[in-house]
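The next block is input_4.pdb, given as PDB, C-alpha atoms and all ligand atoms.
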```pdb
MODEL        1
ATOM      1  CA  LEU A   1       0.000   0.000   0.000  1.00  0.00           C
ATOM      2  CA  GLN A   2       1.188   3.482  -0.803  1.00  0.00           C
ATOM      3  CA  ALA A   3       0.450   6.448   1.434  1.00  0.00           C
ATOM      4  CA  ASP A   4      -1.738   9.163  -0.091  1.00  0.00           C
ATOM      5  CA  PRO A   5       0.303  12.200  -1.141  1.00  0.00           C
ATOM      6  CA  PRO A   6      -0.037  15.136   1.272  1.00  0.00           C
ATOM      7  CA  GLN A   7      -2.788  17.657   0.490  1.00  0.00           C
ATOM      8  CA  ARG A   8      -0.440  20.535   0.920  1.00  0.00           C
ATOM      9  CA  PRO A   9       3.292  21.102   1.225  1.00  0.00           C
ATOM     10  CA  GLN A  10       4.983  22.155   4.438  1.00  0.00           C
ATOM     11  CA  VAL A  11       5.345  25.933   4.307  1.00  0.00           C
ATOM     12  CA  ALA A  12       8.472  27.577   5.700  1.00  0.00           C
ATOM     13  CA  VAL A  13       9.410  31.241   6.027  1.00  0.00           C
ATOM     14  CA  PHE A  14      12.991  32.496   6.341  1.00  0.00           C
ATOM     15  CA  LEU A  15      13.278  36.238   6.833  1.00  0.00           C
ATOM     16  CA  ALA A  16      15.781  38.790   8.044  1.00  0.00           C
ATOM     17  CA  ILE A  17      13.987  41.368  10.155  1.00  0.00           C
ATOM     18  CA  SER A  18      15.100  44.603  11.799  1.00  0.00           C
ATOM     19  CA  LEU A  19      14.546  45.180  15.502  1.00  0.00           C
ATOM     20  CA  ASP A  20      11.619  47.422  14.587  1.00  0.00           C
ATOM     21  CA  GLY A  21      10.001  44.691  12.522  1.00  0.00           C
ATOM     22  CA  CYS A  22      10.910  45.622   8.952  1.00  0.00           C
ATOM     23  CA  ILE A  23      12.102  43.282   6.188  1.00  0.00           C
ATOM     24  CA  ALA A  24      13.231  46.127   3.919  1.00  0.00           C
ATOM     25  CA  GLY A  25      14.022  49.766   4.380  1.00  0.00           C
ATOM     26  CA  ALA A  26      12.125  52.616   2.789  1.00  0.00           C
ATOM     27  CA  GLY A  27      12.119  52.205  -0.979  1.00  0.00           C
ATOM     28  CA  ASP A  28      12.788  48.453  -0.668  1.00  0.00           C
ATOM     29  CA  THR A  29      16.399  49.028   0.402  1.00  0.00           C
ATOM     30  CA  LEU A  30      18.320  45.975   1.592  1.00  0.00           C
ATOM     31  CA  ASP A  31      21.704  47.696   2.067  1.00  0.00           C
ATOM     32  CA  TRP A  32      21.302  47.529   5.858  1.00  0.00           C
ATOM     33  CA  LEU A  33      21.725  43.739   5.499  1.00  0.00           C
ATOM     34  CA  ALA A  34      25.029  43.974   3.624  1.00  0.00           C
ATOM     35  CA  PRO A  35      27.424  43.990   6.619  1.00  0.00           C
ATOM     36  CA  PHE A  36      25.712  40.906   7.988  1.00  0.00           C
ATOM     37  CA  GLN A  37      25.766  39.086   4.656  1.00  0.00           C
ATOM     38  CA  SER A  38      29.511  39.545   4.372  1.00  0.00           C
ATOM     39  CA  ALA A  39      30.269  38.355   7.909  1.00  0.00           C
ATOM     40  CA  GLY A  40      31.251  34.836   6.819  1.00  0.00           C
ATOM     41  CA  ASP A  41      28.036  33.283   8.168  1.00  0.00           C
ATOM     42  CA  ASP A  42      25.182  32.356   5.866  1.00  0.00           C
ATOM     43  CA  TYR A  43      22.828  32.119   8.849  1.00  0.00           C
ATOM     44  CA  GLY A  44      21.749  28.643   7.756  1.00  0.00           C
ATOM     45  CA  TYR A  45      20.371  29.836   4.433  1.00  0.00           C
ATOM     46  CA  ALA A  46      22.130  27.243   2.248  1.00  0.00           C
ATOM     47  CA  GLU A  47      20.836  24.410   4.416  1.00  0.00           C
ATOM     48  CA  PHE A  48      17.356  25.909   4.428  1.00  0.00           C
ATOM     49  CA  ALA A  49      17.358  26.414   0.647  1.00  0.00           C
ATOM     50  CA  ALA A  50      18.570  22.859   0.064  1.00  0.00           C
ATOM     51  CA  GLY A  51      15.494  21.566   1.890  1.00  0.00           C
ATOM     52  CA  ILE A  52      12.842  23.302  -0.182  1.00  0.00           C
ATOM     53  CA  ASP A  53      11.240  22.177  -3.434  1.00  0.00           C
ATOM     54  CA  ALA A  54       9.619  25.429  -4.550  1.00  0.00           C
ATOM     55  CA  ILE A  55       9.534  29.124  -3.706  1.00  0.00           C
ATOM     56  CA  VAL A  56       6.309  31.098  -3.558  1.00  0.00           C
ATOM     57  CA  MET A  57       7.009  34.820  -3.412  1.00  0.00           C
ATOM     58  CA  GLY A  58       5.184  38.097  -3.617  1.00  0.00           C
ATOM     59  CA  ARG A  59       5.632  40.165  -6.709  1.00  0.00           C
ATOM     60  CA  ARG A  60       7.579  42.943  -5.016  1.00  0.00           C
ATOM     61  CA  THR A  61      10.155  40.483  -3.699  1.00  0.00           C
ATOM     62  CA  TYR A  62      10.400  38.983  -7.182  1.00  0.00           C
ATOM     63  CA  GLU A  63      10.906  42.399  -8.741  1.00  0.00           C
ATOM     64  CA  VAL A  64      13.631  43.314  -6.240  1.00  0.00           C
ATOM     65  CA  ALA A  65      15.309  39.939  -6.883  1.00  0.00           C
ATOM     66  CA  LEU A  66      15.330  40.645 -10.632  1.00  0.00           C
ATOM     67  CA  GLY A  67      17.975  43.244  -9.852  1.00  0.00           C
ATOM     68  CA  PHE A  68      20.331  40.630  -8.328  1.00  0.00           C
ATOM     69  CA  ALA A  69      23.067  38.970 -10.344  1.00  0.00           C
ATOM     70  CA  PRO A  70      23.497  36.082 -10.392  1.00  0.00           C
ATOM     71  CA  TRP A  71      19.837  35.083 -10.076  1.00  0.00           C
ATOM     72  CA  PRO A  72      19.593  33.962  -6.435  1.00  0.00           C
ATOM     73  CA  TYR A  73      17.039  31.197  -6.949  1.00  0.00           C
ATOM     74  CA  ALA A  74      18.683  29.243  -9.763  1.00  0.00           C
ATOM     75  CA  GLY A  75      17.381  25.703 -10.011  1.00  0.00           C
ATOM     76  CA  LYS A  76      14.340  26.340  -7.813  1.00  0.00           C
ATOM     77  CA  ARG A  77      10.761  26.193  -8.959  1.00  0.00           C
ATOM     78  CA  LEU A  78       9.262  29.643  -8.531  1.00  0.00           C
ATOM     79  CA  VAL A  79       5.668  30.777  -8.190  1.00  0.00           C
ATOM     80  CA  VAL A  80       5.050  34.540  -8.121  1.00  0.00           C
ATOM     81  CA  LEU A  81       1.978  35.857  -6.350  1.00  0.00           C
ATOM     82  CA  THR A  82       0.495  38.683  -8.386  1.00  0.00           C
ATOM     83  CA  HIS A  83      -2.750  40.067  -9.691  1.00  0.00           C
ATOM     84  CA  ARG A  84      -1.063  41.447 -12.806  1.00  0.00           C
ATOM     85  CA  PRO A  85       0.640  39.899 -15.837  1.00  0.00           C
ATOM     86  CA  LEU A  86       4.394  39.393 -15.512  1.00  0.00           C
ATOM     87  CA  ASP A  87       6.877  40.569 -18.093  1.00  0.00           C
ATOM     88  CA  PRO A  88       6.824  37.493 -20.345  1.00  0.00           C
ATOM     89  CA  VAL A  89      10.517  37.605 -21.266  1.00  0.00           C
ATOM     90  CA  GLN A  90      11.699  37.809 -17.657  1.00  0.00           C
ATOM     91  CA  ALA A  91       9.107  35.355 -16.441  1.00  0.00           C
ATOM     92  CA  ALA A  92      10.110  32.788 -19.066  1.00  0.00           C
ATOM     93  CA  ARG A  93      13.573  32.687 -17.521  1.00  0.00           C
ATOM     94  CA  HIS A  94      12.628  32.166 -13.902  1.00  0.00           C
ATOM     95  CA  VAL A  95       8.952  31.746 -13.161  1.00  0.00           C
ATOM     96  CA  GLU A  96       7.052  28.489 -13.303  1.00  0.00           C
ATOM     97  CA  ARG A  97       3.661  30.078 -12.778  1.00  0.00           C
ATOM     98  CA  ALA A  98       1.873  33.096 -11.401  1.00  0.00           C
ATOM     99  CA  HIS A  99      -0.862  32.735  -8.816  1.00  0.00           C
ATOM    100  CA  ALA A 100      -3.486  35.159  -7.540  1.00  0.00           C
ATOM    101  CA  GLY A 101      -5.648  34.839  -4.478  1.00  0.00           C
ATOM    102  CA  GLU A 102      -5.755  32.266  -1.708  1.00  0.00           C
ATOM    103  CA  LEU A 103      -2.695  30.157  -1.107  1.00  0.00           C
ATOM    104  CA  ALA A 104      -5.048  27.321  -0.193  1.00  0.00           C
ATOM    105  CA  ALA A 105      -5.858  26.977  -3.892  1.00  0.00           C
ATOM    106  CA  LEU A 106      -2.176  26.699  -4.801  1.00  0.00           C
ATOM    107  CA  TRP A 107      -1.059  24.088  -2.264  1.00  0.00           C
ATOM    108  CA  PRO A 108      -2.888  21.050  -3.700  1.00  0.00           C
ATOM    109  CA  VAL A 109      -1.573  21.890  -7.180  1.00  0.00           C
ATOM    110  CA  LEU A 110       2.003  21.975  -5.929  1.00  0.00           C
ATOM    111  CA  ALA A 111       1.521  18.912  -3.726  1.00  0.00           C
ATOM    112  CA  ALA A 112       0.206  16.945  -6.710  1.00  0.00           C
ATOM    113  CA  GLU A 113       3.398  17.875  -8.553  1.00  0.00           C
ATOM    114  CA  GLY A 114       5.534  16.445  -5.764  1.00  0.00           C
ATOM    115  CA  VAL A 115       6.337  19.657  -3.906  1.00  0.00           C
ATOM    116  CA  ARG A 116       6.784  18.724  -0.246  1.00  0.00           C
ATOM    117  CA  ARG A 117       8.249  21.894   1.201  1.00  0.00           C
ATOM    118  CA  VAL A 118       7.696  25.484   0.118  1.00  0.00           C
ATOM    119  CA  TYR A 119       9.647  28.642   0.933  1.00  0.00           C
ATOM    120  CA  LEU A 120       7.100  31.444   1.269  1.00  0.00           C
ATOM    121  CA  ASP A 121       8.749  34.832   0.820  1.00  0.00           C
ATOM    122  CA  GLY A 122       7.769  38.502   0.870  1.00  0.00           C
ATOM    123  CA  GLY A 123       5.988  40.509   3.523  1.00  0.00           C
ATOM    124  CA  ALA A 124       2.508  40.546   1.997  1.00  0.00           C
ATOM    125  CA  ALA A 125       2.919  36.908   0.965  1.00  0.00           C
ATOM    126  CA  VAL A 126       3.812  35.883   4.515  1.00  0.00           C
ATOM    127  CA  ARG A 127       0.917  37.872   5.948  1.00  0.00           C
ATOM    128  CA  GLN A 128      -1.371  36.015   3.531  1.00  0.00           C
ATOM    129  CA  GLY A 129       0.082  32.767   4.876  1.00  0.00           C
ATOM    130  CA  LEU A 130      -0.554  33.915   8.456  1.00  0.00           C
ATOM    131  CA  ARG A 131      -4.120  34.899   7.592  1.00  0.00           C
ATOM    132  CA  GLU A 132      -4.724  31.455   6.099  1.00  0.00           C
ATOM    133  CA  ASP A 133      -2.833  29.811   8.987  1.00  0.00           C
ATOM    134  CA  CYS A 134      -0.763  27.696   6.625  1.00  0.00           C
ATOM    135  CA  ILE A 135       2.760  28.533   7.796  1.00  0.00           C
ATOM    136  CA  ASP A 136       4.361  25.568   9.533  1.00  0.00           C
ATOM    137  CA  GLU A 137       7.798  27.011  10.249  1.00  0.00           C
ATOM    138  CA  LEU A 138       8.906  30.594  10.767  1.00  0.00           C
ATOM    139  CA  THR A 139      12.601  31.483  10.905  1.00  0.00           C
ATOM    140  CA  LEU A 140      13.297  35.087  11.816  1.00  0.00           C
ATOM    141  CA  SER A 141      16.846  36.424  11.860  1.00  0.00           C
ATOM    142  CA  HIS A 142      16.719  39.511  14.013  1.00  0.00           C
ATOM    143  CA  ILE A 143      19.229  42.033  12.730  1.00  0.00           C
ATOM    144  CA  PRO A 144      20.460  44.454  15.405  1.00  0.00           C
ATOM    145  CA  VAL A 145      19.368  47.516  13.468  1.00  0.00           C
ATOM    146  CA  VAL A 146      16.477  49.918  13.996  1.00  0.00           C
ATOM    147  CA  LEU A 147      15.444  51.131  10.553  1.00  0.00           C
ATOM    148  CA  GLY A 148      12.935  53.709  11.652  1.00  0.00           C
ATOM    149  CA  GLY A 149      10.669  52.900   8.740  1.00  0.00           C
ATOM    150  CA  GLY A 150      10.362  50.671   5.720  1.00  0.00           C
ATOM    151  CA  VAL A 151       8.437  47.512   4.848  1.00  0.00           C
ATOM    152  CA  PRO A 152       6.946  46.013   8.020  1.00  0.00           C
ATOM    153  CA  LEU A 153       6.403  42.274   8.267  1.00  0.00           C
ATOM    154  CA  PHE A 154       3.440  42.303  10.608  1.00  0.00           C
ATOM    155  CA  ALA A 155       0.309  44.414  10.387  1.00  0.00           C
ATOM    156  CA  GLU A 156      -2.804  45.189  12.373  1.00  0.00           C
ATOM    157  CA  GLY A 157      -5.588  42.706  11.897  1.00  0.00           C
ATOM    158  CA  LEU A 158      -3.618  39.488  11.483  1.00  0.00           C
ATOM    159  CA  PRO A 159      -5.144  36.566  13.354  1.00  0.00           C
ATOM    160  CA  GLY A 160      -3.268  35.663  16.537  1.00  0.00           C
ATOM    161  CA  SER A 161      -1.349  32.380  16.663  1.00  0.00           C
ATOM    162  CA  HIS A 162       0.882  30.437  19.060  1.00  0.00           C
ATOM    163  CA  TRP A 163       4.345  29.198  18.106  1.00  0.00           C
ATOM    164  CA  THR A 164       6.852  26.831  19.658  1.00  0.00           C
ATOM    165  CA  LEU A 165      10.545  27.718  19.613  1.00  0.00           C
ATOM    166  CA  ALA A 166      12.356  24.939  17.735  1.00  0.00           C
ATOM    167  CA  ARG A 167      15.820  26.490  17.968  1.00  0.00           C
ATOM    168  CA  SER A 168      17.549  29.783  18.512  1.00  0.00           C
ATOM    169  CA  ARG A 169      21.125  30.864  18.082  1.00  0.00           C
ATOM    170  CA  ALA A 170      23.272  33.952  18.287  1.00  0.00           C
ATOM    171  CA  ALA A 171      25.055  34.299  14.965  1.00  0.00           C
ATOM    172  CA  ALA A 172      27.649  36.633  13.512  1.00  0.00           C
ATOM    173  CA  LEU A 173      27.497  40.353  14.362  1.00  0.00           C
ATOM    174  CA  GLY A 174      24.779  39.942  16.944  1.00  0.00           C
ATOM    175  CA  VAL A 175      22.130  38.441  14.686  1.00  0.00           C
ATOM    176  CA  VAL A 176      19.704  36.303  16.688  1.00  0.00           C
ATOM    177  CA  GLN A 177      17.999  33.659  14.642  1.00  0.00           C
ATOM    178  CA  SER A 178      14.963  31.839  15.952  1.00  0.00           C
ATOM    179  CA  THR A 179      12.932  29.116  14.289  1.00  0.00           C
ATOM    180  CA  TYR A 180       9.355  28.650  15.421  1.00  0.00           C
ATOM    181  CA  ARG A 181       6.815  25.968  14.593  1.00  0.00           C
ATOM    182  CA  ARG A 182       3.099  26.573  14.547  1.00  0.00           C
ATOM    183  CA  ARG A 183       1.299  25.213  17.607  1.00  0.00           C
ATOM    184  CA  GLY A 184      -2.350  24.458  18.106  1.00  0.00           C
ATOM    185  CA  ALA A 185      -5.454  26.161  16.851  1.00  0.00           C
ATOM    186  CA  PRO A 186      -5.735  29.847  15.952  1.00  0.00           C
ATOM    187  CA  MET A 187      -6.353  32.162  18.899  1.00  0.00           C
ATOM    188  CA  ALA A 188      -9.981  32.831  19.616  1.00  0.00           C
TER
HETATM  189  N1  LIG B   1      14.449  40.800   4.809  1.00  0.00           N
HETATM  190  C1  LIG B   1      14.121  39.718   4.143  1.00  0.00           C
HETATM  191  O1  LIG B   1      14.476  38.597   4.506  1.00  0.00           O
HETATM  192  C2  LIG B   1      13.267  39.852   2.923  1.00  0.00           C
HETATM  193  C3  LIG B   1      12.712  38.712   2.330  1.00  0.00           C
HETATM  194  C4  LIG B   1      11.865  38.868   1.245  1.00  0.00           C
HETATM  195  C5  LIG B   1      11.588  40.130   0.759  1.00  0.00           C
HETATM  196  N2  LIG B   1      12.162  41.196   1.342  1.00  0.00           N
HETATM  197  C6  LIG B   1      11.867  42.535   0.852  1.00  0.00           C
HETATM  198  O2  LIG B   1      10.520  42.845   1.179  1.00  0.00           O
HETATM  199  C7  LIG B   1       9.987  43.698   0.172  1.00  0.00           C
HETATM  200  C8  LIG B   1       8.755  43.048  -0.453  1.00  0.00           C
HETATM  201  O3  LIG B   1       7.824  42.726   0.539  1.00  0.00           O
HETATM  202  P1  LIG B   1       6.321  43.256   0.366  1.00  0.00           P
HETATM  203  O4  LIG B   1       5.579  42.951   1.619  1.00  0.00           O
HETATM  204  O5  LIG B   1       6.397  44.660  -0.057  1.00  0.00           O
HETATM  205  O6  LIG B   1       5.789  42.478  -0.847  1.00  0.00           O
HETATM  206  P2  LIG B   1       5.646  40.972  -1.422  1.00  0.00           P
HETATM  207  O7  LIG B   1       4.927  40.083  -0.509  1.00  0.00           O
HETATM  208  O8  LIG B   1       6.967  40.527  -1.942  1.00  0.00           O
HETATM  209  O9  LIG B   1       4.774  41.341  -2.699  1.00  0.00           O
HETATM  210  C9  LIG B   1       3.536  41.981  -2.535  1.00  0.00           C
HETATM  211  C10 LIG B   1       2.780  41.925  -3.832  1.00  0.00           C
HETATM  212  O10 LIG B   1       2.630  40.569  -4.236  1.00  0.00           O
HETATM  213  C11 LIG B   1       1.350  40.393  -4.790  1.00  0.00           C
HETATM  214  N3  LIG B   1       0.632  39.440  -3.950  1.00  0.00           N
HETATM  215  C12 LIG B   1       0.910  39.059  -2.672  1.00  0.00           C
HETATM  216  N4  LIG B   1       0.043  38.127  -2.260  1.00  0.00           N
HETATM  217  C13 LIG B   1      -0.789  37.901  -3.287  1.00  0.00           C
HETATM  218  C14 LIG B   1      -1.872  37.022  -3.490  1.00  0.00           C
HETATM  219  N5  LIG B   1      -2.283  36.176  -2.543  1.00  0.00           N
HETATM  220  N6  LIG B   1      -2.484  37.034  -4.694  1.00  0.00           N
HETATM  221  C15 LIG B   1      -2.085  37.882  -5.685  1.00  0.00           C
HETATM  222  N7  LIG B   1      -1.057  38.732  -5.542  1.00  0.00           N
HETATM  223  C16 LIG B   1      -0.422  38.740  -4.358  1.00  0.00           C
HETATM  224  C17 LIG B   1       0.692  41.751  -4.860  1.00  0.00           C
HETATM  225  O11 LIG B   1       1.113  42.305  -6.094  1.00  0.00           O
HETATM  226  P3  LIG B   1       0.157  42.908  -7.229  1.00  0.00           P
HETATM  227  O12 LIG B   1      -1.238  42.945  -6.692  1.00  0.00           O
HETATM  228  O13 LIG B   1       0.744  44.229  -7.475  1.00  0.00           O
HETATM  229  O14 LIG B   1       0.312  42.003  -8.397  1.00  0.00           O
HETATM  230  C18 LIG B   1       1.375  42.467  -3.715  1.00  0.00           C
HETATM  231  O15 LIG B   1       1.393  43.867  -3.865  1.00  0.00           O
HETATM  232  C19 LIG B   1      11.067  43.872  -0.876  1.00  0.00           C
HETATM  233  O16 LIG B   1      11.801  45.049  -0.566  1.00  0.00           O
HETATM  234  C20 LIG B   1      11.949  42.665  -0.643  1.00  0.00           C
HETATM  235  O17 LIG B   1      13.280  42.841  -1.074  1.00  0.00           O
HETATM  236  C21 LIG B   1      12.988  41.101   2.414  1.00  0.00           C
ENDMDL
END
```
Could I get this structure in the form of structure tokens?
Ligand SMILES: NC(=O)c1ccc[n+]([C@@H]2O[C@H](COP(=O)([O-])OP(=O)(O)OC[C@H]3O[C@@H](n4cnc5c(N)ncnc54)[C@H](OP(=O)(O)O)[C@@H]3O)[C@@H](O)[C@H]2O)c1
Amino acid sequence: LQADPPQRPQVAVFLAISLDGCIAGAGDTLDWLAPFQSAGDDYGYAEFAAGIDAIVMGRRTYEVALGFAPWPYAGKRLVVLTHRPLDPVQAARHVERAHAGELAALWPVLAAEGVRRVYLDGGAAVRQGLREDCIDELTLSHIPVVLGGGVPLFAEGLPGSHWTLARSRAAALGVVQSTYRRRGAPMA
């Protein structure tokens, strides 16, 4: 007998976040991360990336990543969340599909294609995952920087949820990285 394939992949988030809760500075700047990225510690990213089968990211994260060379997600299946058509030339190089709306509609499609573990990326994308309560693992690398503004991860109106600390470590240059797993039912 063979086990039924899972209805949805495991969903994991891996974000660098400022002390004041931002994942990018004003104007999508990521330069505040540069000293930490060159500190000789990858903060577990390579191991994390090796364990995922597909990336699902918000359009703004995708568009920022288009400016990176080399392409940071080479060899990974990529779904971009967007309500608008993508540039077909760029999309043909990197994007497997676009998806709009509930993530719940995407998971069975990916699961049926053998995707077991998804990397959900982008602030709005992660908030959508929190709203749908489909995030299984949340890794936050707290960067010891107060940005004073930018792209916040969390927002008013998200449903409350409980998390269990799976591991935490102090990494290079005072980064504190914590991995949480979702616990129990949503808060009443
Ligand atoms: N610090 C970190 O670790 C980290 C990680 C990732 C990203 N970032 C940064 O965070 C910033 C982007 O985050 P963000 O919160 O602004 O945006 P995001 O989540 O990357 O993208 C938001 C956009 O994605 C589309 N979208 C999201 N969910 C959707 C859904 N369910 N259905 C259809 N479309 C959907 C919408 O685009 P449209 O409606 O316009 O199509 C929305 O405006 C960038 O600066 C990026 O570099 C930082």
Report task. List, as a PyMOL selection string, every residue that the PyMOL selection byres (((chain A and resi 87-96) around 9) and not hetatm) selects in the file provided. Result -> chain A and resi 66+71+73-80+85-86+97-98
Export, as a short mmCIF file (atom, residue, chain, number, x, y, z; two decimals), in the coordinates of the input, the selected residues with C-alpha atoms.
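Produced file selection-v9.cif, reproduced below:
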```
data_model
loop_
_atom_site.label_atom_id
_atom_site.label_comp_id
_atom_site.auth_asym_id
_atom_site.auth_seq_id
_atom_site.Cartn_x
_atom_site.Cartn_y
_atom_site.Cartn_z
CA LEU A 66 15.33 40.65 -10.63
CA TRP A 71 19.84 35.08 -10.08
CA TYR A 73 17.04 31.20 -6.95
CA ALA A 74 18.68 29.24 -9.76
CA GLY A 75 17.38 25.70 -10.01
CA LYS A 76 14.34 26.34 -7.81
CA ARG A 77 10.76 26.19 -8.96
CA LEU A 78 9.26 29.64 -8.53
CA VAL A 79 5.67 30.78 -8.19
CA VAL A 80 5.05 34.54 -8.12
CA PRO A 85 0.64 39.90 -15.84
CA LEU A 86 4.39 39.39 -15.51
CA ARG A 97 3.66 30.08 -12.78
CA ALA A 98 1.87 33.10 -11.40
#
```
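Restricting the calculation to all atoms listed in the file, the smallest distance between ligand LIG 1 (chain B) and any of A:Val115, A:Ala172, A:Val126, A:Met187 is found for A:Val126.
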Enclose all atoms of ligand LIG 1 (chain B) listed in the file in an axis-aligned box, grow every side by 5 Å, and hand back centre and edge lengths in Å to one decimal, as AutoDock Vina command-line options.
```
--center_x 6.0 --center_y 40.6 --center_z -1.8 --size_x 27.0 --size_y 18.9 --size_z 23.2
```
**Report entry** Of the listed residues A:Asp42, A:Glu102, A:Asp20, A:Asp133, that which approaches ligand LIG 1 (chain B) most closely, counting all atoms listed in the file
**Finding:** A:Glu102
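Proximity to A:Gly149 at 9 Å, evaluated using all atoms listed in the file and with sequence-adjacent residues fewer than 6 positions away removed, yields Asp20, Cys22, Ala24, Gly25 and Ala26 of chain A.
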Report task. Compare A:Val176, A:Ala171, A:Ala46, A:Ile143 by their minimum atom-to-atom distance to ligand LIG 1 (chain B), counting only C-alpha atoms and all ligand atoms, and give me the closest one. Result -> A:Ile143
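Across the model, the gap from atom CA of A:Glu47 to atom C15 of ligand LIG 1 (chain B) is 28.4 Å.
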Kindly assemble as JSON lines a list of the chain A residues that lie within 9 Å of ligand LIG 1 (chain B), each paired with its nearest atom pair and their distance in Å to one decimal, using only C-alpha atoms and all ligand atoms, sorted first by chain and then by ascending residue number.
```
{"residue": "A:Val13", "atom": "CA", "partner": "B:LIG1", "partner_atom": "C3", "distance": 9.0}
{"residue": "A:Phe14", "atom": "CA", "partner": "B:LIG1", "partner_atom": "O1", "distance": 6.5}
{"residue": "A:Leu15", "atom": "CA", "partner": "B:LIG1", "partner_atom": "O1", "distance": 3.5}
{"residue": "A:Ala16", "atom": "CA", "partner": "B:LIG1", "partner_atom": "O1", "distance": 3.8}
{"residue": "A:Ile17", "atom": "CA", "partner": "B:LIG1", "partner_atom": "N1", "distance": 5.4}
{"residue": "A:Ser18", "atom": "CA", "partner": "B:LIG1", "partner_atom": "N1", "distance": 8.0}
{"residue": "A:Cys22", "atom": "CA", "partner": "B:LIG1", "partner_atom": "N1", "distance": 7.3}
{"residue": "A:Ile23", "atom": "CA", "partner": "B:LIG1", "partner_atom": "N1", "distance": 3.7}
{"residue": "A:Ala24", "atom": "CA", "partner": "B:LIG1", "partner_atom": "O16", "distance": 4.8}
{"residue": "A:Gly25", "atom": "CA", "partner": "B:LIG1", "partner_atom": "O16", "distance": 7.2}
{"residue": "A:Ala26", "atom": "CA", "partner": "B:LIG1", "partner_atom": "O16", "distance": 8.3}
{"residue": "A:Gly27", "atom": "CA", "partner": "B:LIG1", "partner_atom": "O16", "distance": 7.2}
{"residue": "A:Asp28", "atom": "CA", "partner": "B:LIG1", "partner_atom": "O16", "distance": 3.5}
{"residue": "A:Thr29", "atom": "CA", "partner": "B:LIG1", "partner_atom": "O16", "distance": 6.2}
{"residue": "A:Leu30", "atom": "CA", "partner": "B:LIG1", "partner_atom": "O17", "distance": 6.5}
{"residue": "A:Leu33", "atom": "CA", "partner": "B:LIG1", "partner_atom": "N1", "distance": 7.9}
{"residue": "A:Met57", "atom": "CA", "partner": "B:LIG1", "partner_atom": "O8", "distance": 5.9}
{"residue": "A:Gly58", "atom": "CA", "partner": "B:LIG1", "partner_atom": "O9", "distance": 3.4}
{"residue": "A:Arg59", "atom": "CA", "partner": "B:LIG1", "partner_atom": "O10", "distance": 3.9}
{"residue": "A:Arg60", "atom": "CA", "partner": "B:LIG1", "partner_atom": "O8", "distance": 4.0}
{"residue": "A:Thr61", "atom": "CA", "partner": "B:LIG1", "partner_atom": "O8", "distance": 3.6}
{"residue": "A:Tyr62", "atom": "CA", "partner": "B:LIG1", "partner_atom": "O8", "distance": 6.5}
{"residue": "A:Glu63", "atom": "CA", "partner": "B:LIG1", "partner_atom": "C19", "distance": 8.0}
{"residue": "A:Val64", "atom": "CA", "partner": "B:LIG1", "partner_atom": "O17", "distance": 5.2}
{"residue": "A:Ala65", "atom": "CA", "partner": "B:LIG1", "partner_atom": "O17", "distance": 6.8}
{"residue": "A:Val80", "atom": "CA", "partner": "B:LIG1", "partner_atom": "O10", "distance": 7.6}
{"residue": "A:Leu81", "atom": "CA", "partner": "B:LIG1", "partner_atom": "C16", "distance": 4.2}
{"residue": "A:Thr82", "atom": "CA", "partner": "B:LIG1", "partner_atom": "N7", "distance": 3.2}
{"residue": "A:His83", "atom": "CA", "partner": "B:LIG1", "partner_atom": "O14", "distance": 3.8}
{"residue": "A:Arg84", "atom": "CA", "partner": "B:LIG1", "partner_atom": "O14", "distance": 4.7}
{"residue": "A:Pro85", "atom": "CA", "partner": "B:LIG1", "partner_atom": "O14", "distance": 7.7}
{"residue": "A:Leu86", "atom": "CA", "partner": "B:LIG1", "partner_atom": "O14", "distance": 8.6}
{"residue": "A:Ala98", "atom": "CA", "partner": "B:LIG1", "partner_atom": "C15", "distance": 8.4}
{"residue": "A:His99", "atom": "CA", "partner": "B:LIG1", "partner_atom": "C15", "distance": 6.1}
{"residue": "A:Ala100", "atom": "CA", "partner": "B:LIG1", "partner_atom": "N6", "distance": 3.6}
{"residue": "A:Gly101", "atom": "CA", "partner": "B:LIG1", "partner_atom": "N6", "distance": 3.9}
{"residue": "A:Glu102", "atom": "CA", "partner": "B:LIG1", "partner_atom": "N5", "distance": 5.3}
{"residue": "A:Leu103", "atom": "CA", "partner": "B:LIG1", "partner_atom": "N5", "distance": 6.2}
{"residue": "A:Leu120", "atom": "CA", "partner": "B:LIG1", "partner_atom": "C4", "distance": 8.8}
{"residue": "A:Asp121", "atom": "CA", "partner": "B:LIG1", "partner_atom": "C4", "distance": 5.1}
{"residue": "A:Gly122", "atom": "CA", "partner": "B:LIG1", "partner_atom": "O7", "distance": 3.5}
{"residue": "A:Gly123", "atom": "CA", "partner": "B:LIG1", "partner_atom": "O4", "distance": 3.1}
{"residue": "A:Ala124", "atom": "CA", "partner": "B:LIG1", "partner_atom": "O7", "distance": 3.5}
{"residue": "A:Ala125", "atom": "CA", "partner": "B:LIG1", "partner_atom": "O7", "distance": 4.0}
{"residue": "A:Val126", "atom": "CA", "partner": "B:LIG1", "partner_atom": "O7", "distance": 6.6}
{"residue": "A:Arg127", "atom": "CA", "partner": "B:LIG1", "partner_atom": "O7", "distance": 7.9}
{"residue": "A:Gln128", "atom": "CA", "partner": "B:LIG1", "partner_atom": "N5", "distance": 6.1}
{"residue": "A:Gly129", "atom": "CA", "partner": "B:LIG1", "partner_atom": "N5", "distance": 8.5}
{"residue": "A:Leu140", "atom": "CA", "partner": "B:LIG1", "partner_atom": "O1", "distance": 8.2}
{"residue": "A:Ser141", "atom": "CA", "partner": "B:LIG1", "partner_atom": "O1", "distance": 8.0}
{"residue": "A:Gly150", "atom": "CA", "partner": "B:LIG1", "partner_atom": "O16", "distance": 8.6}
{"residue": "A:Val151", "atom": "CA", "partner": "B:LIG1", "partner_atom": "O5", "distance": 6.0}
{"residue": "A:Pro152", "atom": "CA", "partner": "B:LIG1", "partner_atom": "O4", "distance": 7.2}
{"residue": "A:Leu153", "atom": "CA", "partner": "B:LIG1", "partner_atom": "O4", "distance": 6.7}
```
